[in-house]
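Structure below is query12.tsv: TSV, C-alpha atoms.
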chain	number	residue	atom	x	y	z
H	1	MET	CA	81.95	56.26	127.73
H	2	THR	CA	80.97	56.67	131.42
H	3	THR	CA	81.72	54.13	134.17
H	4	GLY	CA	80.30	55.27	137.52
H	5	THR	CA	81.87	58.68	138.17
H	6	LYS	CA	84.93	58.06	136.02
H	7	THR	CA	84.85	59.31	132.40
H	8	GLU	CA	86.95	57.56	129.80
H	9	MET	CA	87.53	59.09	126.40
H	10	THR	CA	87.66	56.66	123.53
H	11	ARG	CA	89.68	57.34	120.39
H	12	ARG	CA	86.42	57.81	118.46
H	13	GLY	CA	85.14	60.26	121.09
H	14	LEU	CA	88.40	62.22	120.96
H	15	LEU	CA	88.28	62.41	117.15
H	16	GLY	CA	84.63	63.48	117.33
H	17	ALA	CA	85.48	66.27	119.78
H	18	PHE	CA	88.35	67.40	117.53
H	19	ALA	CA	86.07	67.42	114.48
H	20	ALA	CA	83.46	69.49	116.33
H	21	THR	CA	86.15	71.98	117.36
H	22	ALA	CA	87.47	72.19	113.78
H	23	ILE	CA	83.97	72.85	112.45
H	24	THR	CA	83.34	75.50	115.08
H	25	ALA	CA	86.65	77.20	114.29
H	26	ALA	CA	86.10	77.08	110.51
H	27	PRO	CA	85.89	80.44	108.72
H	28	THR	CA	82.42	81.94	108.94
H	29	TYR	CA	82.10	82.50	105.20
H	30	ALA	CA	81.61	78.73	104.88
H	31	ASN	CA	78.10	79.35	106.24
H	32	ALA	CA	77.20	81.40	103.17
H	33	ALA	CA	78.53	78.69	100.87
H	34	GLY	CA	76.43	76.16	102.79
H	35	PHE	CA	73.26	77.99	101.82
H	36	LEU	CA	74.27	77.64	98.18
H	37	ARG	CA	74.46	73.83	98.31
H	38	GLY	CA	71.77	72.17	96.31
H	39	ALA	CA	71.93	74.94	93.72
H	40	GLY	CA	72.75	72.36	91.07
H	41	ASP	CA	76.45	72.63	91.91
H	42	MET	CA	76.52	76.17	90.57
H	43	ARG	CA	76.40	79.63	92.07
H	44	ARG	CA	74.78	82.59	90.37
H	45	LEU	CA	74.61	86.32	91.03
H	46	LYS	CA	72.24	88.80	89.39
H	47	MET	CA	72.75	92.56	89.69
H	48	TYR	CA	72.22	95.79	87.85
H	49	SER	CA	73.75	99.21	88.28
H	50	GLY	CA	71.69	102.36	88.03
H	51	ARG	CA	74.96	104.30	87.80
H	52	THR	CA	76.28	102.61	84.67
H	53	GLY	CA	73.11	101.02	83.27
H	54	GLU	CA	74.85	97.62	83.21
H	55	THR	CA	73.36	94.29	84.24
H	56	ILE	CA	75.01	91.04	85.16
H	57	ASP	CA	73.53	87.58	85.44
H	58	MET	CA	76.56	85.48	86.13
H	59	ILE	CA	77.17	81.84	87.00
H	60	TYR	CA	80.51	82.26	88.75
H	61	TRP	CA	81.04	78.86	90.36
H	62	ILE	CA	80.45	75.34	89.02
H	63	ASP	CA	81.19	71.97	90.61
H	64	GLY	CA	83.44	73.33	93.34
H	65	ASP	CA	85.42	75.79	91.23
H	66	TYR	CA	85.20	79.53	90.72
H	67	ILE	CA	85.12	80.55	87.06
H	68	LYS	CA	87.98	82.99	86.47
H	69	ASP	CA	86.36	84.84	83.55
H	70	ALA	CA	83.10	85.23	85.49
H	71	LEU	CA	84.97	86.68	88.48
H	72	THR	CA	86.75	89.09	86.13
H	73	GLU	CA	83.36	90.29	84.88
H	74	ILE	CA	82.05	90.65	88.44
H	75	ASN	CA	85.18	92.65	89.34
H	76	TRP	CA	84.51	95.02	86.42
H	77	PHE	CA	80.80	95.29	87.20
H	78	MET	CA	81.49	96.15	90.87
H	79	ARG	CA	84.23	98.67	89.98
H	80	ASP	CA	84.43	102.20	91.36
H	81	TRP	CA	82.25	103.74	88.66
H	82	ARG	CA	83.54	107.24	89.42
H	83	ASN	CA	87.08	106.49	88.20
H	84	LYS	CA	86.71	103.00	86.63
H	85	GLN	CA	89.20	101.45	89.06
H	86	THR	CA	88.80	97.75	89.79
H	87	ILE	CA	89.95	95.32	92.42
H	88	ASN	CA	89.48	91.59	92.87
H	89	ILE	CA	86.18	91.32	94.71
H	90	ASP	CA	86.51	88.87	97.60
H	91	THR	CA	84.75	85.63	96.62
H	92	ARG	CA	83.50	85.29	100.20
H	93	ASN	CA	81.47	88.46	99.70
H	94	ILE	CA	80.17	87.26	96.34
H	95	ASP	CA	79.06	84.04	98.06
H	96	ILE	CA	77.27	85.99	100.82
H	97	MET	CA	75.41	88.09	98.25
H	98	ALA	CA	74.46	85.03	96.18
H	99	ALA	CA	73.40	83.01	99.25
H	100	SER	CA	71.23	85.88	100.50
H	101	GLN	CA	69.66	86.29	97.08
H	102	ARG	CA	68.91	82.56	96.95
H	103	LEU	CA	67.38	82.61	100.45
H	104	LEU	CA	65.09	85.45	99.36
H	105	LYS	CA	63.73	83.19	96.59
H	106	THR	CA	63.72	85.92	93.98
H	107	ASP	CA	64.89	86.16	90.40
H	108	GLU	CA	65.08	89.93	90.72
H	109	PRO	CA	68.62	91.27	90.35
H	110	TYR	CA	70.12	93.32	93.15
H	111	LEU	CA	70.51	97.01	92.53
H	112	LEU	CA	74.19	97.60	93.30
H	113	LEU	CA	74.60	100.96	94.97
H	114	SER	CA	78.23	100.57	95.95
H	115	GLY	CA	80.79	97.81	95.39
H	116	TYR	CA	84.49	98.60	95.26
H	117	ARG	CA	85.47	102.11	96.31
H	118	SER	CA	88.93	103.51	95.64
H	119	PRO	CA	90.57	105.26	98.60
H	120	ALA	CA	89.96	108.62	96.86
H	121	THR	CA	86.25	107.90	96.43
H	122	ASN	CA	85.94	106.67	100.00
H	123	ALA	CA	87.63	109.84	101.30
H	124	MET	CA	85.30	112.02	99.22
H	125	LEU	CA	82.21	110.16	100.48
H	126	ARG	CA	83.54	110.28	104.05
H	127	SER	CA	83.88	114.06	103.82
H	128	ARG	CA	80.14	114.20	103.01
H	129	SER	CA	78.83	111.63	105.51
H	130	ARG	CA	79.77	110.34	108.95
H	131	ALA	CA	78.26	106.97	107.97
H	132	VAL	CA	81.23	106.18	105.69
H	133	ALA	CA	83.97	104.27	107.52
H	134	LYS	CA	87.55	105.50	107.24
H	135	ASN	CA	88.83	101.96	106.64
H	136	SER	CA	85.77	100.75	104.74
H	137	LEU	CA	85.76	97.15	103.53
H	138	HIS	CA	84.52	98.58	100.21
H	139	MET	CA	88.14	99.65	99.60
H	140	LYS	CA	89.25	96.00	99.89
H	141	GLY	CA	86.54	94.60	97.60
H	142	GLN	CA	84.91	92.98	100.61
H	143	ALA	CA	81.58	94.86	100.79
H	144	ALA	CA	78.53	95.80	98.76
H	145	ASP	CA	75.50	98.02	99.32
H	146	LEU	CA	72.42	96.43	97.76
H	147	ARG	CA	68.70	96.94	97.28
H	148	LEU	CA	65.79	94.90	95.89
H	149	LYS	CA	62.50	96.46	94.78
H	150	SER	CA	60.52	93.40	95.83
H	151	ARG	CA	62.03	93.02	99.31
H	152	THR	CA	62.35	95.28	102.33
H	153	VAL	CA	65.55	96.17	104.13
H	154	LYS	CA	64.34	93.94	106.95
H	155	GLN	CA	63.87	90.96	104.61
H	156	ILE	CA	67.19	91.39	102.81
H	157	SER	CA	69.13	91.89	106.04
H	158	ALA	CA	67.45	88.85	107.65
H	159	ALA	CA	68.63	86.69	104.73
H	160	ALA	CA	72.17	88.05	104.99
H	161	ILE	CA	72.25	87.69	108.78
H	162	SER	CA	71.09	84.07	108.53
H	163	CYS	CA	74.29	83.30	106.58
H	164	ARG	CA	76.30	84.20	109.73
H	165	ALA	CA	79.17	85.05	107.43
H	166	GLY	CA	79.99	88.75	107.78
H	167	GLY	CA	78.71	92.20	108.57
H	168	VAL	CA	75.19	93.31	107.77
H	169	GLY	CA	74.15	96.95	107.98
H	170	LYS	CA	70.51	98.03	107.74
H	171	TYR	CA	70.01	101.47	106.23
H	172	TYR	CA	66.26	102.03	106.41
H	173	GLY	CA	66.37	105.74	105.53
H	174	SER	CA	68.31	105.09	102.32
H	175	ASN	CA	66.59	101.74	101.68
H	176	PHE	CA	69.63	99.47	101.27
H	177	VAL	CA	71.54	96.70	103.00
H	178	HIS	CA	75.31	96.61	103.41
H	179	MET	CA	76.85	93.10	103.20
H	180	ASP	CA	80.50	92.38	103.84
H	181	CYS	CA	82.76	89.42	104.56
H	182	GLY	CA	84.40	90.99	107.60
H	183	ASP	CA	83.64	90.08	111.20
H	184	VAL	CA	80.10	88.85	111.91
H	185	ARG	CA	78.18	91.85	113.23
H	186	THR	CA	75.04	93.87	112.56
H	187	TRP	CA	74.11	97.53	112.85
H	188	THR	CA	71.30	99.88	111.94
H	189	SER	CA	71.70	103.37	110.60

Rendering of file as structure tokens:
Amino acid sequence: MTTGTKTEMTRRGLLGAFAATAITAAPTYANAAGFLRGAGDMRRLKMYSGRTGETIDMIYWIDGDYIKDALTEINWFMRDWRNKQTINIDTRNIDIMAASQRLLKTDEPYLLLSGYRSPATNAMLRSRSRAVAKNSLHMKGQAADLRLKSRTVKQISAAAISCRAGGVGKYYGSNFVHMDCGDVRTWTS
């Protein structure tokens, strides 16, 4: 409330300012979950793997709760296919992938190129390419490299970027998009 040049802060105004600060400081992955609202109180992820021939069409969240068995299946699906090692895939990354897929308005499953990578696999890939990070979020179950036949790298990355929930890498030459739940950032390779 303003009186002349003097500004007085009411209790309601102070609480409103605090709430705005709390929302601003909230974890960024909440943005991805926000894009999933209105999905009938469920979250779904569709993927297939050209490496293993497997497909997954999984409702992994219903009415505010993650479904443990569904997450277990997603963990197995996104395993390091070279040595069959698994890790718990970060649900924030699953939410980013699902939100992006929903924003793209497609029923087409993602082609999963890379999910979890064991340290040994990451080191092997790093020895072959400078594009592989030494401390890759793939090794923490916090990243995925994805492709859609019906959408371009530009379209997929725009959907992921609009979530404002993690890193998005555009790999035009290899025709895939990297999505992770790390710091919000973008790059092109």

Distance query H:Gly182 at most 10 Å, all atoms listed in the file, self and fewer than 2 positions along chain excluded, as a list in words: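 Within the cut-off, the hits are Thr28, Tyr29, Arg92, Asn93, Leu137, Gln142, Ala143, Ala165, Gly166, Gly167, Val168, Met179, Asp180, Val184 and Arg185 of chain H.
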
With all atoms listed in the file as the counted atoms, please give the residues lying no more than 10 Å from stretch 80-91 of chain H, apart from itself and same-chain residues fewer than 4 positions off, as a PDB file with C-alpha atoms, in the coordinates of the input.
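As written to disk, result_39.pdb reads:
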ATOM      1  CA  TYR H  29      82.100  82.500 105.200  1.00  0.00           C
ATOM      2  CA  SER H  49      73.750  99.210  88.280  1.00  0.00           C
ATOM      3  CA  ARG H  51      74.960 104.300  87.800  1.00  0.00           C
ATOM      4  CA  THR H  52      76.280 102.610  84.670  1.00  0.00           C
ATOM      5  CA  TYR H  60      80.510  82.260  88.750  1.00  0.00           C
ATOM      6  CA  TRP H  61      81.040  78.860  90.360  1.00  0.00           C
ATOM      7  CA  TYR H  66      85.200  79.530  90.720  1.00  0.00           C
ATOM      8  CA  LEU H  71      84.970  86.680  88.480  1.00  0.00           C
ATOM      9  CA  THR H  72      86.750  89.090  86.130  1.00  0.00           C
ATOM     10  CA  ILE H  74      82.050  90.650  88.440  1.00  0.00           C
ATOM     11  CA  ASN H  75      85.180  92.650  89.340  1.00  0.00           C
ATOM     12  CA  TRP H  76      84.510  95.020  86.420  1.00  0.00           C
ATOM     13  CA  ASP H  95      79.060  84.040  98.060  1.00  0.00           C
ATOM     14  CA  ILE H  96      77.270  85.990 100.820  1.00  0.00           C
ATOM     15  CA  MET H  97      75.410  88.090  98.250  1.00  0.00           C
ATOM     16  CA  SER H 114      78.230 100.570  95.950  1.00  0.00           C
ATOM     17  CA  GLY H 115      80.790  97.810  95.390  1.00  0.00           C
ATOM     18  CA  TYR H 116      84.490  98.600  95.260  1.00  0.00           C
ATOM     19  CA  ARG H 117      85.470 102.110  96.310  1.00  0.00           C
ATOM     20  CA  SER H 118      88.930 103.510  95.640  1.00  0.00           C
ATOM     21  CA  PRO H 119      90.570 105.260  98.600  1.00  0.00           C
ATOM     22  CA  ALA H 120      89.960 108.620  96.860  1.00  0.00           C
ATOM     23  CA  THR H 121      86.250 107.900  96.430  1.00  0.00           C
ATOM     24  CA  ASN H 122      85.940 106.670 100.000  1.00  0.00           C
ATOM     25  CA  HIS H 138      84.520  98.580 100.210  1.00  0.00           C
ATOM     26  CA  MET H 139      88.140  99.650  99.600  1.00  0.00           C
ATOM     27  CA  LYS H 140      89.250  96.000  99.890  1.00  0.00           C
ATOM     28  CA  GLY H 141      86.540  94.600  97.600  1.00  0.00           C
ATOM     29  CA  GLN H 142      84.910  92.980 100.610  1.00  0.00           C
ATOM     30  CA  ALA H 143      81.580  94.860 100.790  1.00  0.00           C
ATOM     31  CA  ALA H 144      78.530  95.800  98.760  1.00  0.00           C
ATOM     32  CA  ASP H 180      80.500  92.380 103.840  1.00  0.00           C
ATOM     33  CA  CYS H 181      82.760  89.420 104.560  1.00  0.00           C
TER      34      CYS H 181
END

All residues 12 Å or closer to H:Ala131, only C-alpha atoms, same chain fewer than 2 positions away omitted, as a list in words: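 Everything that qualifies: Asn122, Ala123, Leu125, Arg126, Ser127, Arg128, Ser129, Ala133, Lys134, Asn135, Ser136, Gly169, Lys170, Tyr171, Ser174, His178, Trp187, Thr188 and Ser189 of chain H.
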
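Considering the residues H:Val153, H:Val132, H:Ile161, H:Tyr110 and counting all atoms listed in the file, H:Ala98 has its shortest atom-to-atom contact with H:Tyr110.
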
Straight-line distance linking atom CA of H:Met78 with atom CA of H:Ala158, stated in Å to one decimal: 23.1 Å

Counting only C-alpha atoms, the residue of H:Asp57, H:Asp183, H:Asp65, H:Asp145 that sits nearest H:Asp107: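 Looking only at the distances to H:Asp107, the closest residue turns out to be H:Asp57.
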